[in-house]
file coords-v8.csv (CSV, C-alpha atoms)
chain,number,residue,atom,x,y,z
A,1,MET,CA,177.4,54.6,110.3
A,2,GLN,CA,175.3,51.6,111.2
A,3,ARG,CA,173.6,49.6,108.5
A,4,ILE,CA,170.2,50.0,110.0
A,5,ASP,CA,170.5,53.8,110.0
A,6,LEU,CA,171.7,53.8,106.4
A,7,ILE,CA,168.9,51.6,105.2
A,8,LYS,CA,166.3,53.5,107.2
A,9,CYS,CA,167.4,56.8,105.7
A,10,VAL,CA,167.7,55.7,102.0
A,11,ALA,CA,164.5,53.7,102.0
A,12,PRO,CA,162.0,56.6,101.8
A,13,PHE,CA,163.5,57.5,98.4
A,14,VAL,CA,162.7,54.1,96.9
A,15,THR,CA,159.1,53.6,95.8
A,16,ALA,CA,157.0,50.5,95.1
A,17,GLU,CA,157.4,51.3,91.4
A,18,ASP,CA,161.2,51.0,91.6
A,19,LEU,CA,162.6,47.4,91.5
A,20,CYS,CA,165.3,46.3,93.9
A,21,VAL,CA,167.7,43.3,94.2
A,22,SER,CA,169.1,42.7,97.7
A,23,SER,CA,172.2,40.9,98.8
A,24,ILE,CA,172.2,38.6,101.9
A,25,GLY,CA,173.1,38.9,105.5
A,26,GLY,CA,171.8,41.5,108.0
A,27,LEU,CA,170.8,43.6,105.1
A,28,TRP,CA,167.8,41.3,104.4
A,29,ASP,CA,166.0,42.0,107.6
A,30,ASP,CA,166.9,45.7,107.6
A,31,TRP,CA,165.5,46.2,104.1
A,32,TRP,CA,162.5,43.9,104.7
A,33,ASN,CA,161.4,46.3,107.5
A,34,TYR,CA,162.1,49.6,105.7
A,35,ARG,CA,161.3,48.7,102.1
A,36,PRO,CA,158.2,50.3,100.5
A,37,PRO,CA,155.0,48.2,101.0
A,38,GLY,CA,154.7,45.3,98.5
A,39,ASP,CA,157.0,43.1,96.7
A,40,ASN,CA,159.4,45.3,94.7
A,41,THR,CA,162.5,43.5,95.9
A,42,PHE,CA,164.0,40.2,94.8
A,43,PHE,CA,166.3,38.6,97.4
A,44,PRO,CA,168.6,36.1,95.6
A,45,GLY,CA,170.5,34.0,98.1
A,46,ILE,CA,173.5,34.1,95.8
A,47,LEU,CA,176.7,36.0,96.7
A,48,GLY,CA,178.2,37.3,93.4
A,49,SER,CA,174.9,37.4,91.5
A,50,ILE,CA,173.3,40.6,92.9
A,51,THR,CA,174.8,43.1,90.5
A,52,THR,CA,174.3,40.8,87.5
A,53,THR,CA,170.6,40.2,88.3
A,54,ALA,CA,170.1,43.9,88.7
A,55,LEU,CA,171.9,44.5,85.4
A,56,GLY,CA,169.6,42.0,83.6
A,57,LEU,CA,166.5,43.8,85.1
A,58,ALA,CA,167.9,47.2,84.2
A,59,LEU,CA,168.5,46.1,80.6
A,60,ALA,CA,165.0,44.5,80.4
A,61,LEU,CA,163.2,47.5,81.8
A,62,PRO,CA,165.2,50.6,80.8
A,63,HIS,CA,162.3,52.9,81.7
A,64,ARG,CA,162.3,51.8,85.4
A,65,ARG,CA,164.6,52.7,88.2
A,66,ILE,CA,166.5,49.6,89.4
A,67,VAL,CA,168.5,49.5,92.7
A,68,ALA,CA,171.1,46.8,93.7
A,69,PHE,CA,171.7,46.6,97.4
A,70,GLU,CA,175.1,44.9,97.3
A,71,THR,CA,177.6,43.8,100.0
A,72,ASP,CA,181.3,43.7,100.0
A,73,GLY,CA,181.4,39.9,100.3
A,74,SER,CA,179.1,39.6,97.3
A,75,VAL,CA,181.0,42.1,95.1
A,76,LEU,CA,184.3,40.5,95.9
A,77,MET,CA,183.0,37.1,94.9
A,78,ASN,CA,182.4,38.3,91.3
A,79,THR,CA,184.6,41.3,90.5
A,80,GLY,CA,184.3,40.7,86.8
A,81,ALA,CA,180.7,41.8,87.0
A,82,MET,CA,182.0,45.3,87.7
A,83,CYS,CA,183.7,45.3,84.4
A,84,THR,CA,180.6,44.2,82.6
A,85,LEU,CA,178.6,46.9,84.4
A,86,GLY,CA,181.3,49.4,83.5
A,87,CYS,CA,180.9,48.5,79.8
A,88,GLU,CA,177.1,48.5,79.8
A,89,ARG,CA,176.5,51.5,82.2
A,90,PRO,CA,172.7,51.1,82.4
A,91,PRO,CA,171.5,54.6,83.1
A,92,ASN,CA,168.6,53.4,85.2
A,93,LEU,CA,170.7,51.3,87.7
A,94,THR,CA,172.0,52.5,91.1
A,95,VAL,CA,174.3,50.2,93.0
A,96,LEU,CA,174.6,50.7,96.8
A,97,VAL,CA,177.4,48.6,98.3
A,98,VAL,CA,176.9,48.2,102.0
A,99,ASP,CA,180.5,47.6,103.0
A,100,ASN,CA,181.2,46.4,106.6
A,101,GLY,CA,184.6,44.9,105.8
A,102,ILE,CA,183.6,41.5,107.3
A,103,TYR,CA,181.7,38.4,106.6
A,104,GLU,CA,179.3,39.2,109.4
A,105,ASN,CA,176.9,36.3,109.1
A,106,ILE,CA,179.5,33.6,109.7
A,107,GLY,CA,181.1,35.3,112.7
A,108,GLY,CA,183.1,38.2,111.3
A,109,PRO,CA,186.3,37.2,109.5
A,110,PRO,CA,187.6,40.3,107.6
A,111,THR,CA,186.9,40.7,103.9
A,112,HIS,CA,189.6,42.3,101.7
A,113,THR,CA,187.9,45.7,102.0
A,114,SER,CA,189.1,45.9,105.6
A,115,ARG,CA,192.6,45.5,104.3
A,116,ASN,CA,193.8,47.1,101.0
A,117,THR,CA,190.8,46.7,98.6
A,118,ASP,CA,188.9,49.8,97.6
A,119,LEU,CA,185.6,48.9,95.8
A,120,ALA,CA,184.8,52.4,94.6
A,121,LYS,CA,188.2,52.7,92.9
A,122,MET,CA,187.9,49.2,91.4
A,123,ALA,CA,184.5,50.2,90.0
A,124,GLU,CA,185.9,53.3,88.5
A,125,GLY,CA,188.7,51.4,87.0
A,126,ALA,CA,186.2,48.9,85.6
A,127,GLY,CA,184.5,51.7,83.7
A,128,CYS,CA,181.6,52.5,86.1
A,129,ILE,CA,180.7,56.1,86.3
A,130,ASN,CA,179.5,58.2,89.3
A,131,THR,CA,181.4,56.0,91.7
A,132,LEU,CA,182.1,57.3,95.2
A,133,THR,CA,182.7,56.2,98.8
A,134,VAL,CA,180.6,57.6,101.6
A,135,ARG,CA,181.2,57.3,105.3
A,136,ASP,CA,178.2,58.9,107.0
A,137,VAL,CA,174.5,58.7,106.6
A,138,ALA,CA,174.0,62.3,105.3
A,139,ALA,CA,176.5,61.8,102.5
A,140,ALA,CA,175.0,58.4,101.6
A,141,VAL,CA,171.5,59.8,101.4
A,142,ASP,CA,172.6,62.7,99.4
A,143,ALA,CA,174.4,60.5,96.9
A,144,PHE,CA,171.7,57.9,96.7
A,145,LYS,CA,168.9,60.5,96.1
A,146,ARG,CA,171.0,62.2,93.4
A,147,MET,CA,171.9,59.0,91.6
A,148,LEU,CA,168.4,57.6,91.6
A,149,ASP,CA,167.3,60.5,89.5
A,150,ASP,CA,170.2,61.6,87.4
A,151,GLY,CA,169.6,59.3,84.5
A,152,ALA,CA,173.0,57.7,84.7
A,153,MET,CA,174.3,54.7,86.5
A,154,GLY,CA,175.6,55.2,90.0
A,155,TYR,CA,177.9,53.1,92.2
A,156,ILE,CA,178.0,54.1,95.9
A,157,VAL,CA,180.2,52.3,98.4
A,158,ALA,CA,178.9,53.0,101.9
A,159,LYS,CA,181.4,52.1,104.6
A,160,ILE,CA,179.5,51.0,107.7
A,161,GLU,CA,180.4,49.7,111.2
A,162,PRO,CA,179.9,46.0,111.8
A,163,GLY,CA,176.8,45.1,113.8
A,164,LYS,CA,173.4,43.5,113.1
A,165,HIS,CA,170.2,45.0,114.5
A,166,PRO,CA,168.6,42.4,116.7
A,167,TRP,CA,165.2,42.2,115.0
A,168,PRO,CA,162.7,40.1,116.9
A,169,TRP,CA,161.7,36.9,115.2
A,170,GLU,CA,158.3,38.3,114.0
A,171,LYS,CA,160.1,41.2,112.2
A,172,ARG,CA,162.5,39.1,110.3
A,173,LYS,CA,162.0,38.4,106.6
A,174,PRO,CA,159.8,35.3,106.7
A,175,THR,CA,159.8,34.2,103.0
A,176,ASP,CA,161.8,31.6,101.3
A,177,GLY,CA,163.5,31.9,97.9
A,178,VAL,CA,160.6,30.4,95.8
A,179,GLU,CA,158.0,32.6,97.4
A,180,ASP,CA,160.3,35.6,96.9
A,181,LYS,CA,160.5,34.8,93.2
A,182,TYR,CA,156.8,34.6,92.7
A,183,ARG,CA,156.0,37.6,94.8
A,184,PHE,CA,158.5,39.7,92.9
A,185,MET,CA,157.5,38.3,89.5
A,186,ARG,CA,153.8,39.0,90.1
A,187,HIS,CA,154.7,42.5,91.3
A,188,VAL,CA,156.6,43.2,88.0
A,189,GLU,CA,153.7,41.7,86.0
A,190,LYS,CA,151.3,44.1,87.7
A,191,LEU,CA,153.6,47.1,87.3
A,192,GLU,CA,154.4,46.5,83.7
A,193,ASN,CA,151.0,45.0,82.7
A,194,ILE,CA,152.7,42.0,81.3
A,195,VAL,CA,152.7,38.2,81.8
A,196,ILE,CA,156.1,36.8,82.7
A,197,HIS,CA,155.1,33.3,83.7
A,198,PRO,CA,151.5,32.4,83.0
A,199,GLY,CA,151.1,29.8,85.7
A,200,ALA,CA,149.8,26.4,85.0
A,201,PRO,CA,146.8,26.1,82.7
A,202,GLN,CA,146.3,22.5,81.7
A,203,ASN,CA,146.2,21.6,78.0
B,1,MET,CA,171.0,43.2,58.1
B,2,ASP,CA,173.6,42.4,55.4
B,3,LEU,CA,175.7,39.5,56.4
B,4,PRO,CA,179.2,39.0,55.3
B,5,LYS,CA,179.4,36.5,52.4
B,6,ASP,CA,181.6,34.1,54.5
B,7,THR,CA,179.0,33.9,57.3
B,8,PRO,CA,178.4,30.2,57.9
B,9,GLU,CA,174.8,28.9,57.4
B,10,TYR,CA,174.6,27.6,61.0
B,11,ALA,CA,175.3,31.0,62.4
B,12,LYS,CA,172.7,32.8,60.3
B,13,THR,CA,170.2,30.2,61.3
B,14,PHE,CA,171.2,30.5,65.0
B,15,LEU,CA,170.7,34.3,64.9
B,16,ASP,CA,167.4,34.0,63.1
B,17,GLY,CA,166.3,31.3,65.6
B,18,LEU,CA,167.0,33.6,68.5
B,19,LYS,CA,164.9,36.4,66.9
B,20,GLU,CA,162.1,34.0,65.9
B,21,ALA,CA,162.0,32.7,69.5
B,22,GLY,CA,161.5,36.3,70.7
B,23,VAL,CA,164.9,36.5,72.5
B,24,SER,CA,165.8,40.1,73.2
B,25,ILE,CA,168.8,39.8,75.5
B,26,VAL,CA,171.8,37.5,74.9
B,27,ALA,CA,174.6,37.3,77.5
B,28,ALA,CA,177.7,35.5,76.4
B,29,LEU,CA,181.4,34.8,76.9
B,30,PRO,CA,182.8,34.3,73.3
B,31,GLU,CA,184.8,31.3,72.4
B,32,SER,CA,185.9,29.8,69.0
B,33,LEU,CA,183.3,27.1,68.2
B,34,LEU,CA,180.4,29.5,67.9
B,35,GLY,CA,182.7,32.4,66.8
B,36,SER,CA,180.4,33.6,63.9
B,37,VAL,CA,177.4,33.7,66.2
B,38,TYR,CA,179.2,36.1,68.6
B,39,ARG,CA,180.3,38.2,65.6
B,40,LEU,CA,176.8,38.4,64.2
B,41,LEU,CA,175.5,39.4,67.6
B,42,ARG,CA,178.0,42.1,68.0
B,43,GLN,CA,177.1,43.5,64.5
B,44,GLN,CA,173.3,43.9,65.1
B,45,ASN,CA,171.1,45.9,67.3
B,46,GLU,CA,167.8,44.0,67.4
B,47,ILE,CA,169.0,41.8,70.3
B,48,ARG,CA,170.8,43.4,73.2
B,49,TYR,CA,174.2,41.6,73.4
B,50,VAL,CA,176.1,41.6,76.7
B,51,GLN,CA,179.6,40.3,76.7
B,52,VAL,CA,180.8,39.2,80.2
B,53,THR,CA,184.2,38.4,81.7
B,54,ASN,CA,183.4,35.1,83.3
B,55,GLU,CA,180.5,32.6,82.8
B,56,SER,CA,179.4,33.0,86.4
B,57,GLU,CA,178.0,36.4,85.4
B,58,LEU,CA,175.6,34.9,82.8
B,59,PRO,CA,172.9,33.3,85.0
B,60,GLY,CA,172.2,36.5,87.0
B,61,ILE,CA,171.9,38.6,83.8
B,62,CYS,CA,169.5,36.1,82.3
B,63,VAL,CA,167.4,35.7,85.4
B,64,GLY,CA,167.2,39.5,85.9
B,65,ALA,CA,166.1,39.8,82.3
B,66,TYR,CA,163.5,37.0,82.7
B,67,LEU,CA,162.1,38.7,85.8
B,68,GLY,CA,161.8,41.9,83.8
B,69,GLY,CA,159.6,40.0,81.3
B,70,LYS,CA,162.2,39.5,78.5
B,71,LYS,CA,163.4,36.3,76.9
B,72,ALA,CA,167.1,35.9,77.4
B,73,VAL,CA,169.7,33.2,76.7
B,74,MET,CA,173.3,32.7,77.8
B,75,ILE,CA,175.9,31.4,75.4
B,76,MET,CA,179.3,29.9,76.2
B,77,GLU,CA,181.5,26.9,75.7
B,78,ASN,CA,180.7,23.8,77.7
B,79,SER,CA,183.8,24.6,79.8
B,80,GLY,CA,181.9,27.6,81.1
B,81,LEU,CA,179.3,25.3,82.7
B,82,ARG,CA,181.7,24.8,85.6
B,83,GLN,CA,182.1,28.5,86.1
B,84,ALA,CA,178.4,29.2,85.9
B,85,LEU,CA,177.3,26.3,88.0
B,86,GLU,CA,177.1,27.9,91.4
B,87,PRO,CA,174.6,30.6,90.4
B,88,ILE,CA,172.7,28.2,88.1
B,89,ALA,CA,172.3,25.7,90.9
B,90,ARG,CA,171.3,28.3,93.4
B,91,PHE,CA,168.8,30.0,91.1
B,92,ALA,CA,167.3,26.6,90.3
B,93,TYR,CA,167.2,24.9,93.7
B,94,SER,CA,166.6,28.0,95.9
B,95,HIS,CA,164.4,30.0,93.7
B,96,HIS,CA,163.1,27.7,90.9
B,97,LEU,CA,164.2,30.1,88.3
B,98,PRO,CA,164.8,29.2,84.6
B,99,VAL,CA,167.9,29.9,82.6
B,100,THR,CA,168.3,28.8,79.0
B,101,MET,CA,171.9,28.1,78.2
B,102,ILE,CA,173.4,27.3,74.8
B,103,MET,CA,176.8,25.7,74.9
B,104,ALA,CA,179.4,24.9,72.2
B,105,PHE,CA,180.2,21.3,72.8
B,106,ARG,CA,184.0,21.2,73.0
B,107,GLY,CA,185.4,17.7,73.1
B,108,GLU,CA,183.3,16.1,70.4
B,109,TRP,CA,184.3,12.7,69.0
B,110,GLY,CA,187.6,13.2,67.3
B,111,GLU,CA,188.7,16.2,69.4
B,112,ARG,CA,192.4,16.7,68.9
B,113,ASN,CA,193.0,19.3,71.6
B,114,TRP,CA,194.1,17.6,74.8
B,115,TRP,CA,192.7,20.5,76.8
B,116,GLY,CA,189.2,20.1,75.3
B,117,HIS,CA,188.4,16.6,76.4
B,118,ASN,CA,187.7,17.5,80.0
B,119,HIS,CA,184.9,19.8,78.9
B,120,ALA,CA,183.1,17.0,77.2
B,121,GLN,CA,183.9,14.5,79.9
B,122,THR,CA,182.4,16.6,82.7
B,123,MET,CA,179.4,18.3,81.0
B,124,GLU,CA,176.9,15.5,80.9
B,125,PRO,CA,177.6,14.2,84.4
B,126,ILE,CA,177.3,17.8,85.8
B,127,LEU,CA,174.0,18.4,83.9
B,128,ASN,CA,172.7,15.0,85.1
B,129,ALA,CA,173.7,15.6,88.7
B,130,LEU,CA,171.8,18.9,88.7
B,131,ARG,CA,168.8,17.3,86.9
B,132,ILE,CA,169.1,19.9,84.1
B,133,PRO,CA,167.5,18.7,80.9
B,134,TYR,CA,169.6,19.0,77.8
B,135,ARG,CA,169.6,18.2,74.1
B,136,PHE,CA,172.4,18.0,71.6
B,137,VAL,CA,171.9,20.0,68.4
B,138,ARG,CA,174.0,18.7,65.5
B,139,GLU,CA,172.0,19.6,62.3
B,140,ILE,CA,171.2,23.1,61.1
B,141,ALA,CA,167.5,22.2,60.6
B,142,GLU,CA,167.3,21.4,64.3
B,143,ILE,CA,168.5,24.8,65.5
B,144,LYS,CA,165.4,26.9,65.4
B,145,PRO,CA,163.0,24.4,66.9
B,146,ALA,CA,165.6,23.5,69.6
B,147,ILE,CA,166.0,27.1,70.7
B,148,LYS,CA,162.2,27.7,70.8
B,149,ARG,CA,161.5,24.5,72.7
B,150,ALA,CA,164.4,25.1,75.1
B,151,ILE,CA,163.0,28.5,76.1
B,152,ALA,CA,159.4,27.0,76.4
B,153,HIS,CA,160.8,24.1,78.5
B,154,ALA,CA,162.7,26.4,80.9
B,155,ASP,CA,159.7,28.6,81.4
B,156,GLY,CA,157.3,25.7,81.8
B,157,SER,CA,159.5,23.9,84.3
B,158,GLN,CA,160.9,27.0,86.0
B,159,TRP,CA,164.2,25.2,85.8
B,160,PRO,CA,167.4,25.6,83.8
B,161,VAL,CA,167.8,23.8,80.4
B,162,ALA,CA,170.8,23.4,78.1
B,163,LEU,CA,171.5,22.9,74.4
B,164,ALA,CA,174.9,21.5,73.4
B,165,MET,CA,175.8,22.7,69.9
B,166,SER,CA,178.0,20.4,67.8
B,167,GLY,CA,178.3,18.7,64.3
B,168,ASN,CA,177.1,21.1,61.6
B,169,CYS,CA,176.1,23.7,64.2
B,170,VAL,CA,179.6,24.9,65.1
B,171,GLU,CA,182.6,26.2,63.3
B,172,VAL,CA,184.6,23.4,61.7
B,173,PRO,CA,188.0,23.2,63.2
B,174,ALA,CA,190.8,23.4,60.7
B,175,TYR,CA,192.1,19.9,61.5
B,176,ALA,CA,188.6,18.4,60.9
B,177,LYS,CA,188.1,19.9,57.4
B,178,ASN,CA,188.0,17.2,54.6
call {"tool": "encode", "arguments": {"input": "coords-v8.csv", "output": "structure tokens"}}
result
Amino acid sequence: MQRIDLIKCVAPFVTAEDLCVSSIGGLWDDWWNYRPPGDNTFFPGILGSITTTALGLALALPHRRIVAFETDGSVLMNTGAMCTLGCERPPNLTVLVVDNGIYENIGGPPTHTSRNTDLAKMAEGAGCINTLTVRDVAAAVDAFKRMLDDGAMGYIVAKIEPGKHPWPWEKRKPTDGVEDKYRFMRHVEKLENIVIHPGAPQN
Amino acid sequence: MDLPKDTPEYAKTFLDGLKEAGVSIVAALPESLLGSVYRLLRQQNEIRYVQVTNESELPGICVGAYLGGKKAVMIMENSGLRQALEPIARFAYSHHLPVTMIMAFRGEWGERNWWGHNHAQTMEPILNALRIPYRFVREIAEIKPAIKRAIAHADGSQWPVALAMSGNCVEVPAYAKN
């Protein structure tokens, strides 16, 4: 399974009314191109803080479906977050770990998942429910679709082949971290009909 | 909520301060100096209390909650600043995202524990290096306004802020009584 095929096939099940948090690497450009129109995704450039950010969102907005697009490198950087997730079990959160077994962006040294580490088993041991490993697109789509709507947390580890899609420059995610924040924040404000940060009226 | 009779005044005020400031999510790694605060948080349901395994989980949870429109604070010992620093720095410098952190100030003047001094020695240099505004809170009367203003400051600046709790606003170590 290639990452681009996985992302292309799960994307149609995510709507602009769902909120997503995406890890870094090739995933950014793949998701950028297949995500629903608008700004429903926050892209923290912080390995180890994807699941935690999604958890905060899930607790803040329990009526809304939240998706964390994780990577093996990011999950491995903060494995304690799995335990917190396993204790909280937010029913509106689905985690999809895109596991290529390497640190692809820096040239491809192996992560521990290419050796003896099994993230789905770790998640299960940490208390997460609905954990499973998928190895082809059909199984991934089936699990993703089911877990989005089952009213319980889900933790899917999708084992993919290494390889980045060569997106042309104009198709790559063009925004920086501050713009990402404001676009996502304004999207949530509109969805929820709330004010998160009122801007800068002068006193 | 009926509080146990032995609940220290600072802890009651702390919890009331969080509620009056509109905080609905608290993420924390418990330690001893604010022990009664964590106990009170565990015993109530008005604020969602999330206990973590490592302070590096705290900034993400608070940022996620903030982006979901909720007021959230993270609570830990000042030693946890070093664990939480990487995500705090990245959320601040890469995304201009606020986090309100409240720390127990381990290593106050007269600290007897040899292992506690490094927490105090490194906290202020780290906060200054990252340009994170901070205030010490040592009197119970200061707790409520300090929490309220810290949250307002973080939101207004879109940057992290810190409160360091000490003096009458933490548990009194046995060796310091009398």
call {"tool": "interface_residues", "arguments": {"input": "coords-v8.csv", "of": "chain A", "to": "chain B", "cutoff": "8 Å", "atoms": "only C-alpha atoms", "output": "PDB file with C-alpha atoms, keeping the file's coordinate frame"}}
result
ATOM      1  CA  PRO A  44     168.600  36.100  95.600  1.00  0.00           C
ATOM      2  CA  GLY A  45     170.500  34.000  98.100  1.00  0.00           C
ATOM      3  CA  ILE A  46     173.500  34.100  95.800  1.00  0.00           C
ATOM      4  CA  SER A  49     174.900  37.400  91.500  1.00  0.00           C
ATOM      5  CA  ILE A  50     173.300  40.600  92.900  1.00  0.00           C
ATOM      6  CA  THR A  51     174.800  43.100  90.500  1.00  0.00           C
ATOM      7  CA  THR A  52     174.300  40.800  87.500  1.00  0.00           C
ATOM      8  CA  THR A  53     170.600  40.200  88.300  1.00  0.00           C
ATOM      9  CA  ALA A  54     170.100  43.900  88.700  1.00  0.00           C
ATOM     10  CA  LEU A  55     171.900  44.500  85.400  1.00  0.00           C
ATOM     11  CA  GLY A  56     169.600  42.000  83.600  1.00  0.00           C
ATOM     12  CA  LEU A  57     166.500  43.800  85.100  1.00  0.00           C
ATOM     13  CA  ALA A  58     167.900  47.200  84.200  1.00  0.00           C
ATOM     14  CA  LEU A  59     168.500  46.100  80.600  1.00  0.00           C
ATOM     15  CA  ALA A  60     165.000  44.500  80.400  1.00  0.00           C
ATOM     16  CA  LEU A  61     163.200  47.500  81.800  1.00  0.00           C
ATOM     17  CA  ASN A  78     182.400  38.300  91.300  1.00  0.00           C
ATOM     18  CA  GLY A  80     184.300  40.700  86.800  1.00  0.00           C
ATOM     19  CA  ALA A  81     180.700  41.800  87.000  1.00  0.00           C
ATOM     20  CA  CYS A  83     183.700  45.300  84.400  1.00  0.00           C
ATOM     21  CA  THR A  84     180.600  44.200  82.600  1.00  0.00           C
ATOM     22  CA  GLU A  88     177.100  48.500  79.800  1.00  0.00           C
ATOM     23  CA  GLY A 177     163.500  31.900  97.900  1.00  0.00           C
ATOM     24  CA  VAL A 178     160.600  30.400  95.800  1.00  0.00           C
ATOM     25  CA  GLU A 179     158.000  32.600  97.400  1.00  0.00           C
ATOM     26  CA  ASP A 180     160.300  35.600  96.900  1.00  0.00           C
ATOM     27  CA  LYS A 181     160.500  34.800  93.200  1.00  0.00           C
ATOM     28  CA  MET A 185     157.500  38.300  89.500  1.00  0.00           C
ATOM     29  CA  VAL A 188     156.600  43.200  88.000  1.00  0.00           C
ATOM     30  CA  GLU A 189     153.700  41.700  86.000  1.00  0.00           C
ATOM     31  CA  ILE A 194     152.700  42.000  81.300  1.00  0.00           C
ATOM     32  CA  VAL A 195     152.700  38.200  81.800  1.00  0.00           C
ATOM     33  CA  ILE A 196     156.100  36.800  82.700  1.00  0.00           C
ATOM     34  CA  HIS A 197     155.100  33.300  83.700  1.00  0.00           C
TER      35      HIS A 197
END
call {"tool": "residues_around", "arguments": {"input": "coords-v8.csv", "residues": "region 8-22 of chain B", "least_positions_apart": "4", "cutoff": "12 Å", "atoms": "all atoms listed in the file", "output": "number ranges by chain"}}
result
B: 1-4, 26, 33-49, 69-75, 100, 102, 137-152, 165-172
call {"tool": "write_last_selection", "arguments": {"input": "coords-v8.csv", "atoms": "C-alpha atoms", "output": "CSV table (one decimal), in the coordinates of the input"}}
result
chain,number,residue,atom,x,y,z
B,1,MET,CA,171.0,43.2,58.1
B,2,ASP,CA,173.6,42.4,55.4
B,3,LEU,CA,175.7,39.5,56.4
B,4,PRO,CA,179.2,39.0,55.3
B,26,VAL,CA,171.8,37.5,74.9
B,33,LEU,CA,183.3,27.1,68.2
B,34,LEU,CA,180.4,29.5,67.9
B,35,GLY,CA,182.7,32.4,66.8
B,36,SER,CA,180.4,33.6,63.9
B,37,VAL,CA,177.4,33.7,66.2
B,38,TYR,CA,179.2,36.1,68.6
B,39,ARG,CA,180.3,38.2,65.6
B,40,LEU,CA,176.8,38.4,64.2
B,41,LEU,CA,175.5,39.4,67.6
B,42,ARG,CA,178.0,42.1,68.0
B,43,GLN,CA,177.1,43.5,64.5
B,44,GLN,CA,173.3,43.9,65.1
B,45,ASN,CA,171.1,45.9,67.3
B,46,GLU,CA,167.8,44.0,67.4
B,47,ILE,CA,169.0,41.8,70.3
B,48,ARG,CA,170.8,43.4,73.2
B,49,TYR,CA,174.2,41.6,73.4
B,69,GLY,CA,159.6,40.0,81.3
B,70,LYS,CA,162.2,39.5,78.5
B,71,LYS,CA,163.4,36.3,76.9
B,72,ALA,CA,167.1,35.9,77.4
B,73,VAL,CA,169.7,33.2,76.7
B,74,MET,CA,173.3,32.7,77.8
B,75,ILE,CA,175.9,31.4,75.4
B,100,THR,CA,168.3,28.8,79.0
B,102,ILE,CA,173.4,27.3,74.8
B,137,VAL,CA,171.9,20.0,68.4
B,138,ARG,CA,174.0,18.7,65.5
B,139,GLU,CA,172.0,19.6,62.3
B,140,ILE,CA,171.2,23.1,61.1
B,141,ALA,CA,167.5,22.2,60.6
B,142,GLU,CA,167.3,21.4,64.3
B,143,ILE,CA,168.5,24.8,65.5
B,144,LYS,CA,165.4,26.9,65.4
B,145,PRO,CA,163.0,24.4,66.9
B,146,ALA,CA,165.6,23.5,69.6
B,147,ILE,CA,166.0,27.1,70.7
B,148,LYS,CA,162.2,27.7,70.8
B,149,ARG,CA,161.5,24.5,72.7
B,150,ALA,CA,164.4,25.1,75.1
B,151,ILE,CA,163.0,28.5,76.1
B,152,ALA,CA,159.4,27.0,76.4
B,165,MET,CA,175.8,22.7,69.9
B,166,SER,CA,178.0,20.4,67.8
B,167,GLY,CA,178.3,18.7,64.3
B,168,ASN,CA,177.1,21.1,61.6
B,169,CYS,CA,176.1,23.7,64.2
B,170,VAL,CA,179.6,24.9,65.1
B,171,GLU,CA,182.6,26.2,63.3
B,172,VAL,CA,184.6,23.4,61.7
call {"tool": "closest_residue", "arguments": {"input": "coords-v8.csv", "among": "B:Gly80, B:Pro30, B:Pro133, B:Pro125", "to": "Pro98 (chain B)", "atoms": "only C-alpha atoms"}}
result
B:Pro133
call {"tool": "closest_residue", "arguments": {"input": "coords-v8.csv", "among": "B:Ser32, B:Arg106, B:Val161, B:Lys5", "to": "Arg135 (chain B)", "atoms": "all atoms listed in the file"}}
result
B:Val161
call {"tool": "residues_around", "arguments": {"input": "coords-v8.csv", "residues": "Leu148 (chain A)", "least_positions_apart": "5", "cutoff": "9 Å", "atoms": "only C-alpha atoms", "output": "PyMOL selection string"}}
result
chain A and resi 13-14+65-67+92-94+143+153-154
call {"tool": "write_last_selection", "arguments": {"input": "coords-v8.csv", "atoms": "C-alpha atoms", "output": "PDB file, in the coordinates of the input"}}
result
ATOM      1  CA  PHE A  13     163.500  57.500  98.400  1.00  0.00           C
ATOM      2  CA  VAL A  14     162.700  54.100  96.900  1.00  0.00           C
ATOM      3  CA  ARG A  65     164.600  52.700  88.200  1.00  0.00           C
ATOM      4  CA  ILE A  66     166.500  49.600  89.400  1.00  0.00           C
ATOM      5  CA  VAL A  67     168.500  49.500  92.700  1.00  0.00           C
ATOM      6  CA  ASN A  92     168.600  53.400  85.200  1.00  0.00           C
ATOM      7  CA  LEU A  93     170.700  51.300  87.700  1.00  0.00           C
ATOM      8  CA  THR A  94     172.000  52.500  91.100  1.00  0.00           C
ATOM      9  CA  ALA A 143     174.400  60.500  96.900  1.00  0.00           C
ATOM     10  CA  MET A 153     174.300  54.700  86.500  1.00  0.00           C
ATOM     11  CA  GLY A 154     175.600  55.200  90.000  1.00  0.00           C
TER      12      GLY A 154
END
call {"tool": "atom_distance", "arguments": {"input": "coords-v8.csv", "atom1": "CA of Ser23 (chain A)", "atom2": "CA of Glu70 (chain A)"}}
result
5.2 Å
call {"tool": "residues_around", "arguments": {"input": "coords-v8.csv", "residues": "Arg135 (chain A)", "least_positions_apart": "3", "cutoff": "12 Å", "atoms": "only C-alpha atoms", "output": "list in words"}}
result
Met1, Gln2, Arg3, Leu6, Val97, Val98, Asp99, Asn100, Leu132, Ala138, Ala139, Ala140, Val141, Asp142, Ala143, Ile156, Val157, Ala158, Lys159, Ile160 and Glu161 of chain A
call {"tool": "decode", "arguments": {"input": "coords-v8.csv", "residues": "region 95-104 of chain A", "atoms": "C-alpha atoms", "output": "mmCIF file, in the first residue's frame"}}
result
data_model
loop_
_atom_site.group_PDB
_atom_site.id
_atom_site.type_symbol
_atom_site.label_atom_id
_atom_site.label_comp_id
_atom_site.auth_asym_id
_atom_site.auth_seq_id
_atom_site.Cartn_x
_atom_site.Cartn_y
_atom_site.Cartn_z
ATOM 1 C CA VAL A 95 -6.374 7.896 14.965
ATOM 2 C CA LEU A 96 -4.905 6.682 11.670
ATOM 3 C CA VAL A 97 -1.181 5.998 11.987
ATOM 4 C CA VAL A 98 0.518 6.010 8.603
ATOM 5 C CA ASP A 99 3.422 3.681 9.337
ATOM 6 C CA ASN A 100 6.145 3.454 6.684
ATOM 7 C CA GLY A 101 8.805 2.181 9.089
ATOM 8 C CA ILE A 102 11.275 4.912 8.173
ATOM 9 C CA TYR A 103 12.097 8.553 8.764
ATOM 10 C CA GLU A 104 11.442 9.293 5.119
#
